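Notes for the one structure printed next.
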Amino acid sequence: MTENRPTGLDTRYDRFLQTKIGAGSNGTPVTTLSMLARLGLDPWQVAHDLSTMSKEAAREKLDTVMINFTDITHSAENRQNIVTGLIMSLHMPKSYGPAG
């Protein structure tokens, strides 16, 4: 049975959502959260969805999202490095809190 609970403001995605991915045209830092919100996507839902995919599928999906976000520009190599780091942050066990 699928657990039915809201994903909004779920702190387990903080590292992913708060990562700076570049600077906007006015020099303001752009985070994953702000990129997703500016694309009209629910950042916490996207984070949840990506975290349930295989790393490769999640990497491909996030790369497509970043390609469609034209407020910042990256070289293909730089974008791939950012995507890889972001996906790793979603697929890593927490390094804080009690062991369990």
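Letters A, B, ... mark the chains of the structure tokens in the order given; residue numbers begin at 1 per chain; ligand numbers begin at 1, in order shown.
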
For the strand (DSSP E or B) assignment from backbone DSSP, which residues of chain A qualify? Please present them as a list of chain:residue names. A:Lys20, A:Ile21, A:Gly22, A:Ala23, A:Pro29, A:Val30, A:Thr31

Go through region 5-43 of chain A residue by residue and, counting only C-alpha atoms, keep those with an atom at most 9 Å from region 63-73 of chain A; for each kept residue give the shortest atom pair and its distance in Å to one decimal, ordered by chain and increasing number, as CSV.
residue,atom,partner,partner_atom,distance
A:Ile21,CA,A:Ile72,CA,8.7
A:Gly22,CA,A:Ile72,CA,6.5
A:Ala23,CA,A:Ile72,CA,6.3
A:Gly24,CA,A:Ile72,CA,5.4
A:Ser25,CA,A:Asp71,CA,6.9
A:Val30,CA,A:Ile72,CA,8.2
A:Met35,CA,A:Phe69,CA,7.0
A:Leu36,CA,A:Val65,CA,8.2
A:Arg38,CA,A:Phe69,CA,8.5
A:Leu39,CA,A:Phe69,CA,7.0

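Nearest residue to Asp14 (chain A) among A:Ser75, A:Ser34, A:Gln80, A:Ser89 is A:Ser89, counting only C-alpha atoms.
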
Between A:Asn26, A:Gln18, A:Thr84, A:Thr11, single out the one closest to Lys55 (chain A), counting only C-alpha atoms.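 Among the listed residues, the smallest separation from Lys55 (chain A) belongs to A:Thr84.
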
Every residue of region 50-91 of chain A that DSSP places in helix (DSSP H, G or I), as a PDB file with all heavy atoms, in the first residue's frame:
ATOM      1  N   LEU A  50      12.047  12.101  -7.727  1.00  0.00           N
ATOM      2  CA  LEU A  50      13.414  11.766  -8.130  1.00  0.00           C
ATOM      3  C   LEU A  50      14.056  10.778  -7.157  1.00  0.00           C
ATOM      4  O   LEU A  50      14.817   9.902  -7.572  1.00  0.00           O
ATOM      5  CB  LEU A  50      14.269  13.030  -8.231  1.00  0.00           C
ATOM      6  CG  LEU A  50      13.905  14.004  -9.354  1.00  0.00           C
ATOM      7  CD1 LEU A  50      14.709  15.291  -9.211  1.00  0.00           C
ATOM      8  CD2 LEU A  50      14.119  13.382 -10.728  1.00  0.00           C
ATOM      9  N   SER A  51      13.749  10.925  -5.867  1.00  0.00           N
ATOM     10  CA  SER A  51      14.364  10.048  -4.866  1.00  0.00           C
ATOM     11  C   SER A  51      13.857   8.621  -4.958  1.00  0.00           C
ATOM     12  O   SER A  51      14.499   7.706  -4.446  1.00  0.00           O
ATOM     13  CB  SER A  51      14.140  10.603  -3.456  1.00  0.00           C
ATOM     14  OG  SER A  51      12.791  10.440  -3.053  1.00  0.00           O
ATOM     15  N   THR A  52      12.721   8.410  -5.608  1.00  0.00           N
ATOM     16  CA  THR A  52      12.176   7.059  -5.740  1.00  0.00           C
ATOM     17  C   THR A  52      12.590   6.381  -7.047  1.00  0.00           C
ATOM     18  O   THR A  52      12.331   5.204  -7.233  1.00  0.00           O
ATOM     19  CB  THR A  52      10.631   7.070  -5.647  1.00  0.00           C
ATOM     20  OG1 THR A  52      10.098   7.826  -6.730  1.00  0.00           O
ATOM     21  CG2 THR A  52      10.162   7.634  -4.321  1.00  0.00           C
ATOM     22  N   LYS A  55      19.002   6.001  -9.938  1.00  0.00           N
ATOM     23  CA  LYS A  55      19.875   7.171 -10.114  1.00  0.00           C
ATOM     24  C   LYS A  55      19.917   7.600 -11.571  1.00  0.00           C
ATOM     25  O   LYS A  55      19.877   8.794 -11.869  1.00  0.00           O
ATOM     26  CB  LYS A  55      21.293   6.872  -9.607  1.00  0.00           C
ATOM     27  CG  LYS A  55      21.391   6.817  -8.114  1.00  0.00           C
ATOM     28  CD  LYS A  55      22.821   6.550  -7.686  1.00  0.00           C
ATOM     29  CE  LYS A  55      22.906   6.378  -6.192  1.00  0.00           C
ATOM     30  NZ  LYS A  55      24.264   6.063  -5.754  1.00  0.00           N
ATOM     31  N   GLU A  56      19.993   6.658 -12.482  1.00  0.00           N
ATOM     32  CA  GLU A  56      20.086   7.002 -13.906  1.00  0.00           C
ATOM     33  C   GLU A  56      18.806   7.668 -14.405  1.00  0.00           C
ATOM     34  O   GLU A  56      18.855   8.681 -15.104  1.00  0.00           O
ATOM     35  CB  GLU A  56      20.407   5.764 -14.754  1.00  0.00           C
ATOM     36  CG  GLU A  56      20.697   6.086 -16.192  1.00  0.00           C
ATOM     37  CD  GLU A  56      21.827   7.091 -16.398  1.00  0.00           C
ATOM     38  OE1 GLU A  56      22.814   7.050 -15.654  1.00  0.00           O
ATOM     39  OE2 GLU A  56      21.698   7.943 -17.313  1.00  0.00           O
ATOM     40  N   ALA A  57      17.658   7.116 -14.045  1.00  0.00           N
ATOM     41  CA  ALA A  57      16.381   7.716 -14.469  1.00  0.00           C
ATOM     42  C   ALA A  57      16.219   9.102 -13.853  1.00  0.00           C
ATOM     43  O   ALA A  57      15.779  10.042 -14.530  1.00  0.00           O
ATOM     44  CB  ALA A  57      15.216   6.815 -14.068  1.00  0.00           C
ATOM     45  N   ALA A  58      16.587   9.240 -12.586  1.00  0.00           N
ATOM     46  CA  ALA A  58      16.483  10.538 -11.921  1.00  0.00           C
ATOM     47  C   ALA A  58      17.421  11.554 -12.564  1.00  0.00           C
ATOM     48  O   ALA A  58      17.063  12.710 -12.768  1.00  0.00           O
ATOM     49  CB  ALA A  58      16.796  10.388 -10.434  1.00  0.00           C
ATOM     50  N   ARG A  59      18.622  11.113 -12.906  1.00  0.00           N
ATOM     51  CA  ARG A  59      19.602  11.994 -13.555  1.00  0.00           C
ATOM     52  C   ARG A  59      19.061  12.489 -14.901  1.00  0.00           C
ATOM     53  O   ARG A  59      19.142  13.682 -15.209  1.00  0.00           O
ATOM     54  CB  ARG A  59      20.918  11.240 -13.734  1.00  0.00           C
ATOM     55  CG  ARG A  59      22.080  12.099 -14.154  1.00  0.00           C
ATOM     56  CD  ARG A  59      23.383  11.315 -14.241  1.00  0.00           C
ATOM     57  NE  ARG A  59      23.785  10.800 -12.937  1.00  0.00           N
ATOM     58  CZ  ARG A  59      23.899   9.501 -12.631  1.00  0.00           C
ATOM     59  NH1 ARG A  59      23.638   8.574 -13.526  1.00  0.00           N
ATOM     60  NH2 ARG A  59      24.274   9.121 -11.435  1.00  0.00           N
ATOM     61  N   GLU A  60      18.497  11.603 -15.682  1.00  0.00           N
ATOM     62  CA  GLU A  60      17.937  11.988 -16.983  1.00  0.00           C
ATOM     63  C   GLU A  60      16.771  12.961 -16.823  1.00  0.00           C
ATOM     64  O   GLU A  60      16.677  13.950 -17.549  1.00  0.00           O
ATOM     65  CB  GLU A  60      17.477  10.744 -17.749  1.00  0.00           C
ATOM     66  CG  GLU A  60      18.618   9.889 -18.257  1.00  0.00           C
ATOM     67  CD  GLU A  60      18.145   8.619 -18.943  1.00  0.00           C
ATOM     68  OE1 GLU A  60      16.969   8.560 -19.365  1.00  0.00           O
ATOM     69  OE2 GLU A  60      18.950   7.683 -19.045  1.00  0.00           O
ATOM     70  N   LYS A  61      15.889  12.688 -15.868  1.00  0.00           N
ATOM     71  CA  LYS A  61      14.729  13.551 -15.642  1.00  0.00           C
ATOM     72  C   LYS A  61      15.169  14.946 -15.194  1.00  0.00           C
ATOM     73  O   LYS A  61      14.701  15.955 -15.717  1.00  0.00           O
ATOM     74  CB  LYS A  61      13.823  12.913 -14.572  1.00  0.00           C
ATOM     75  CG  LYS A  61      12.632  13.717 -14.203  1.00  0.00           C
ATOM     76  CD  LYS A  61      11.590  13.660 -15.277  1.00  0.00           C
ATOM     77  CE  LYS A  61      10.313  14.326 -14.810  1.00  0.00           C
ATOM     78  NZ  LYS A  61       9.338  14.415 -15.870  1.00  0.00           N
ATOM     79  N   LEU A  62      16.097  15.021 -14.234  1.00  0.00           N
ATOM     80  CA  LEU A  62      16.551  16.313 -13.738  1.00  0.00           C
ATOM     81  C   LEU A  62      17.334  17.072 -14.802  1.00  0.00           C
ATOM     82  O   LEU A  62      17.217  18.294 -14.910  1.00  0.00           O
ATOM     83  CB  LEU A  62      17.384  16.145 -12.466  1.00  0.00           C
ATOM     84  CG  LEU A  62      17.791  17.439 -11.777  1.00  0.00           C
ATOM     85  CD1 LEU A  62      16.571  18.295 -11.411  1.00  0.00           C
ATOM     86  CD2 LEU A  62      18.608  17.132 -10.527  1.00  0.00           C
ATOM     87  N   ASP A  63      18.090  16.371 -15.610  1.00  0.00           N
ATOM     88  CA  ASP A  63      18.819  17.021 -16.703  1.00  0.00           C
ATOM     89  C   ASP A  63      17.833  17.689 -17.656  1.00  0.00           C
ATOM     90  O   ASP A  63      18.039  18.827 -18.079  1.00  0.00           O
ATOM     91  CB  ASP A  63      19.689  16.010 -17.442  1.00  0.00           C
ATOM     92  CG  ASP A  63      20.582  16.681 -18.466  1.00  0.00           C
ATOM     93  OD1 ASP A  63      21.317  17.621 -18.104  1.00  0.00           O
ATOM     94  OD2 ASP A  63      20.537  16.266 -19.647  1.00  0.00           O
ATOM     95  N   THR A  64      16.740  17.010 -17.971  1.00  0.00           N
ATOM     96  CA  THR A  64      15.713  17.585 -18.843  1.00  0.00           C
ATOM     97  C   THR A  64      15.105  18.829 -18.216  1.00  0.00           C
ATOM     98  O   THR A  64      14.889  19.838 -18.899  1.00  0.00           O
ATOM     99  CB  THR A  64      14.615  16.540 -19.140  1.00  0.00           C
ATOM    100  OG1 THR A  64      15.220  15.423 -19.790  1.00  0.00           O
ATOM    101  CG2 THR A  64      13.526  17.116 -20.024  1.00  0.00           C
ATOM    102  N   VAL A  65      14.844  18.768 -16.931  1.00  0.00           N
ATOM    103  CA  VAL A  65      14.293  19.938 -16.229  1.00  0.00           C
ATOM    104  C   VAL A  65      15.265  21.108 -16.331  1.00  0.00           C
ATOM    105  O   VAL A  65      14.878  22.229 -16.656  1.00  0.00           O
ATOM    106  CB  VAL A  65      13.981  19.604 -14.753  1.00  0.00           C
ATOM    107  CG1 VAL A  65      13.648  20.864 -13.962  1.00  0.00           C
ATOM    108  CG2 VAL A  65      12.832  18.606 -14.658  1.00  0.00           C
ATOM    109  N   MET A  66      16.545  20.855 -16.078  1.00  0.00           N
ATOM    110  CA  MET A  66      17.535  21.932 -16.111  1.00  0.00           C
ATOM    111  C   MET A  66      17.714  22.500 -17.520  1.00  0.00           C
ATOM    112  O   MET A  66      17.934  23.704 -17.664  1.00  0.00           O
ATOM    113  CB  MET A  66      18.874  21.466 -15.544  1.00  0.00           C
ATOM    114  CG  MET A  66      18.836  21.339 -14.032  1.00  0.00           C
ATOM    115  SD  MET A  66      20.469  21.110 -13.304  1.00  0.00           S
ATOM    116  CE  MET A  66      21.151  22.748 -13.516  1.00  0.00           C
ATOM    117  N   ILE A  67      17.610  21.668 -18.531  1.00  0.00           N
ATOM    118  CA  ILE A  67      17.712  22.159 -19.908  1.00  0.00           C
ATOM    119  C   ILE A  67      16.578  23.144 -20.195  1.00  0.00           C
ATOM    120  O   ILE A  67      16.763  24.139 -20.888  1.00  0.00           O
ATOM    121  CB  ILE A  67      17.704  20.984 -20.915  1.00  0.00           C
ATOM    122  CG1 ILE A  67      19.028  20.234 -20.857  1.00  0.00           C
ATOM    123  CG2 ILE A  67      17.414  21.468 -22.324  1.00  0.00           C
ATOM    124  CD1 ILE A  67      19.035  18.923 -21.629  1.00  0.00           C
ATOM    125  N   ASN A  68      15.409  22.872 -19.638  1.00  0.00           N
ATOM    126  CA  ASN A  68      14.239  23.726 -19.866  1.00  0.00           C
ATOM    127  C   ASN A  68      14.236  24.987 -19.022  1.00  0.00           C
ATOM    128  O   ASN A  68      13.392  25.860 -19.230  1.00  0.00           O
ATOM    129  CB  ASN A  68      12.952  22.933 -19.620  1.00  0.00           C
ATOM    130  CG  ASN A  68      12.729  21.896 -20.685  1.00  0.00           C
ATOM    131  OD1 ASN A  68      12.851  22.180 -21.872  1.00  0.00           O
ATOM    132  ND2 ASN A  68      12.421  20.688 -20.277  1.00  0.00           N
ATOM    133  N   ALA A  76      27.148  21.978 -21.045  1.00  0.00           N
ATOM    134  CA  ALA A  76      26.595  20.628 -20.867  1.00  0.00           C
ATOM    135  C   ALA A  76      27.353  19.873 -19.786  1.00  0.00           C
ATOM    136  O   ALA A  76      26.759  19.196 -18.946  1.00  0.00           O
ATOM    137  CB  ALA A  76      26.630  19.869 -22.193  1.00  0.00           C
ATOM    138  N   GLU A  77      28.669  20.017 -19.769  1.00  0.00           N
ATOM    139  CA  GLU A  77      29.485  19.314 -18.772  1.00  0.00           C
ATOM    140  C   GLU A  77      29.182  19.835 -17.370  1.00  0.00           C
ATOM    141  O   GLU A  77      29.019  19.050 -16.429  1.00  0.00           O
ATOM    142  CB  GLU A  77      30.971  19.482 -19.087  1.00  0.00           C
ATOM    143  CG  GLU A  77      31.869  18.771 -18.100  1.00  0.00           C
ATOM    144  CD  GLU A  77      33.347  18.948 -18.419  1.00  0.00           C
ATOM    145  OE1 GLU A  77      33.691  19.528 -19.468  1.00  0.00           O
ATOM    146  OE2 GLU A  77      34.154  18.492 -17.598  1.00  0.00           O
ATOM    147  N   ASN A  78      29.106  21.143 -17.207  1.00  0.00           N
ATOM    148  CA  ASN A  78      28.810  21.723 -15.905  1.00  0.00           C
ATOM    149  C   ASN A  78      27.415  21.304 -15.432  1.00  0.00           C
ATOM    150  O   ASN A  78      27.219  20.960 -14.272  1.00  0.00           O
ATOM    151  CB  ASN A  78      28.931  23.247 -15.956  1.00  0.00           C
ATOM    152  CG  ASN A  78      28.815  23.883 -14.599  1.00  0.00           C
ATOM    153  OD1 ASN A  78      29.230  23.334 -13.596  1.00  0.00           O
ATOM    154  ND2 ASN A  78      28.228  25.065 -14.569  1.00  0.00           N
ATOM    155  N   ARG A  79      26.450  21.324 -16.335  1.00  0.00           N
ATOM    156  CA  ARG A  79      25.087  20.914 -15.980  1.00  0.00           C
ATOM    157  C   ARG A  79      25.079  19.463 -15.530  1.00  0.00           C
ATOM    158  O   ARG A  79      24.441  19.115 -14.536  1.00  0.00           O
ATOM    159  CB  ARG A  79      24.141  21.110 -17.166  1.00  0.00           C
ATOM    160  CG  ARG A  79      22.669  20.889 -16.808  1.00  0.00           C
ATOM    161  CD  ARG A  79      21.750  21.011 -18.007  1.00  0.00           C
ATOM    162  NE  ARG A  79      21.946  19.915 -18.939  1.00  0.00           N
ATOM    163  CZ  ARG A  79      22.514  20.020 -20.141  1.00  0.00           C
ATOM    164  NH1 ARG A  79      22.915  21.174 -20.600  1.00  0.00           N
ATOM    165  NH2 ARG A  79      22.661  18.960 -20.913  1.00  0.00           N
ATOM    166  N   GLN A  80      25.800  18.603 -16.224  1.00  0.00           N
ATOM    167  CA  GLN A  80      25.858  17.188 -15.851  1.00  0.00           C
ATOM    168  C   GLN A  80      26.483  17.006 -14.465  1.00  0.00           C
ATOM    169  O   GLN A  80      26.021  16.176 -13.681  1.00  0.00           O
ATOM    170  CB  GLN A  80      26.644  16.382 -16.891  1.00  0.00           C
ATOM    171  CG  GLN A  80      25.882  16.145 -18.162  1.00  0.00           C
ATOM    172  CD  GLN A  80      24.627  15.330 -17.938  1.00  0.00           C
ATOM    173  OE1 GLN A  80      24.631  14.328 -17.247  1.00  0.00           O
ATOM    174  NE2 GLN A  80      23.529  15.779 -18.509  1.00  0.00           N
ATOM    175  N   ASN A  81      27.513  17.790 -14.167  1.00  0.00           N
ATOM    176  CA  ASN A  81      28.134  17.721 -12.839  1.00  0.00           C
ATOM    177  C   ASN A  81      27.160  18.152 -11.757  1.00  0.00           C
ATOM    178  O   ASN A  81      27.094  17.544 -10.681  1.00  0.00           O
ATOM    179  CB  ASN A  81      29.399  18.576 -12.789  1.00  0.00           C
ATOM    180  CG  ASN A  81      30.523  17.993 -13.602  1.00  0.00           C
ATOM    181  OD1 ASN A  81      30.581  16.788 -13.857  1.00  0.00           O
ATOM    182  ND2 ASN A  81      31.434  18.842 -14.046  1.00  0.00           N
ATOM    183  N   ILE A  82      26.408  19.209 -12.020  1.00  0.00           N
ATOM    184  CA  ILE A  82      25.417  19.691 -11.057  1.00  0.00           C
ATOM    185  C   ILE A  82      24.330  18.632 -10.860  1.00  0.00           C
ATOM    186  O   ILE A  82      23.965  18.297  -9.723  1.00  0.00           O
ATOM    187  CB  ILE A  82      24.801  21.033 -11.516  1.00  0.00           C
ATOM    188  CG1 ILE A  82      25.860  22.136 -11.448  1.00  0.00           C
ATOM    189  CG2 ILE A  82      23.581  21.396 -10.670  1.00  0.00           C
ATOM    190  CD1 ILE A  82      25.459  23.424 -12.141  1.00  0.00           C
ATOM    191  N   VAL A  83      23.808  18.098 -11.944  1.00  0.00           N
ATOM    192  CA  VAL A  83      22.754  17.076 -11.875  1.00  0.00           C
ATOM    193  C   VAL A  83      23.245  15.868 -11.090  1.00  0.00           C
ATOM    194  O   VAL A  83      22.541  15.351 -10.211  1.00  0.00           O
ATOM    195  CB  VAL A  83      22.281  16.682 -13.289  1.00  0.00           C
ATOM    196  CG1 VAL A  83      21.435  15.424 -13.260  1.00  0.00           C
ATOM    197  CG2 VAL A  83      21.510  17.823 -13.932  1.00  0.00           C
ATOM    198  N   THR A  84      24.440  15.402 -11.378  1.00  0.00           N
ATOM    199  CA  THR A  84      24.985  14.239 -10.678  1.00  0.00           C
ATOM    200  C   THR A  84      25.080  14.504  -9.178  1.00  0.00           C
ATOM    201  O   THR A  84      24.675  13.669  -8.364  1.00  0.00           O
ATOM    202  CB  THR A  84      26.369  13.863 -11.245  1.00  0.00           C
ATOM    203  OG1 THR A  84      26.200  13.491 -12.620  1.00  0.00           O
ATOM    204  CG2 THR A  84      26.999  12.713 -10.481  1.00  0.00           C
ATOM    205  N   GLY A  85      25.579  15.663  -8.796  1.00  0.00           N
ATOM    206  CA  GLY A  85      25.669  16.013  -7.376  1.00  0.00           C
ATOM    207  C   GLY A  85      24.312  16.099  -6.702  1.00  0.00           C
ATOM    208  O   GLY A  85      24.127  15.639  -5.574  1.00  0.00           O
ATOM    209  N   LEU A  86      23.349  16.683  -7.412  1.00  0.00           N
ATOM    210  CA  LEU A  86      22.001  16.795  -6.852  1.00  0.00           C
ATOM    211  C   LEU A  86      21.371  15.424  -6.649  1.00  0.00           C
ATOM    212  O   LEU A  86      20.762  15.161  -5.608  1.00  0.00           O
ATOM    213  CB  LEU A  86      21.122  17.658  -7.753  1.00  0.00           C
ATOM    214  CG  LEU A  86      21.431  19.150  -7.749  1.00  0.00           C
ATOM    215  CD1 LEU A  86      20.672  19.855  -8.879  1.00  0.00           C
ATOM    216  CD2 LEU A  86      21.087  19.764  -6.402  1.00  0.00           C
ATOM    217  N   ILE A  87      21.514  14.555  -7.622  1.00  0.00           N
ATOM    218  CA  ILE A  87      20.928  13.212  -7.506  1.00  0.00           C
ATOM    219  C   ILE A  87      21.613  12.437  -6.391  1.00  0.00           C
ATOM    220  O   ILE A  87      20.956  11.737  -5.612  1.00  0.00           O
ATOM    221  CB  ILE A  87      20.992  12.456  -8.854  1.00  0.00           C
ATOM    222  CG1 ILE A  87      20.137  13.181  -9.902  1.00  0.00           C
ATOM    223  CG2 ILE A  87      20.559  11.001  -8.687  1.00  0.00           C
ATOM    224  CD1 ILE A  87      18.696  13.442  -9.520  1.00  0.00           C
ATOM    225  N   MET A  88      22.907  12.590  -6.259  1.00  0.00           N
ATOM    226  CA  MET A  88      23.611  11.918  -5.167  1.00  0.00           C
ATOM    227  C   MET A  88      23.084  12.392  -3.814  1.00  0.00           C
ATOM    228  O   MET A  88      22.966  11.602  -2.887  1.00  0.00           O
ATOM    229  CB  MET A  88      25.118  12.145  -5.283  1.00  0.00           C
ATOM    230  CG  MET A  88      25.740  11.353  -6.415  1.00  0.00           C
ATOM    231  SD  MET A  88      27.511  11.628  -6.586  1.00  0.00           S
ATOM    232  CE  MET A  88      28.106  10.989  -5.041  1.00  0.00           C
ATOM    233  N   SER A  89      22.756  13.682  -3.709  1.00  0.00           N
ATOM    234  CA  SER A  89      22.247  14.189  -2.431  1.00  0.00           C
ATOM    235  C   SER A  89      20.888  13.590  -2.086  1.00  0.00           C
ATOM    236  O   SER A  89      20.538  13.497  -0.913  1.00  0.00           O
ATOM    237  CB  SER A  89      22.169  15.718  -2.451  1.00  0.00           C
ATOM    238  OG  SER A  89      21.064  16.184  -3.210  1.00  0.00           O
ATOM    239  N   LEU A  90      20.125  13.174  -3.078  1.00  0.00           N
ATOM    240  CA  LEU A  90      18.835  12.534  -2.824  1.00  0.00           C
ATOM    241  C   LEU A  90      18.969  11.051  -2.506  1.00  0.00           C
ATOM    242  O   LEU A  90      18.109  10.486  -1.850  1.00  0.00           O
ATOM    243  CB  LEU A  90      17.920  12.666  -4.051  1.00  0.00           C
ATOM    244  CG  LEU A  90      17.285  14.010  -4.280  1.00  0.00           C
ATOM    245  CD1 LEU A  90      16.526  14.005  -5.602  1.00  0.00           C
ATOM    246  CD2 LEU A  90      16.354  14.388  -3.138  1.00  0.00           C
TER     247      LEU A  90
END
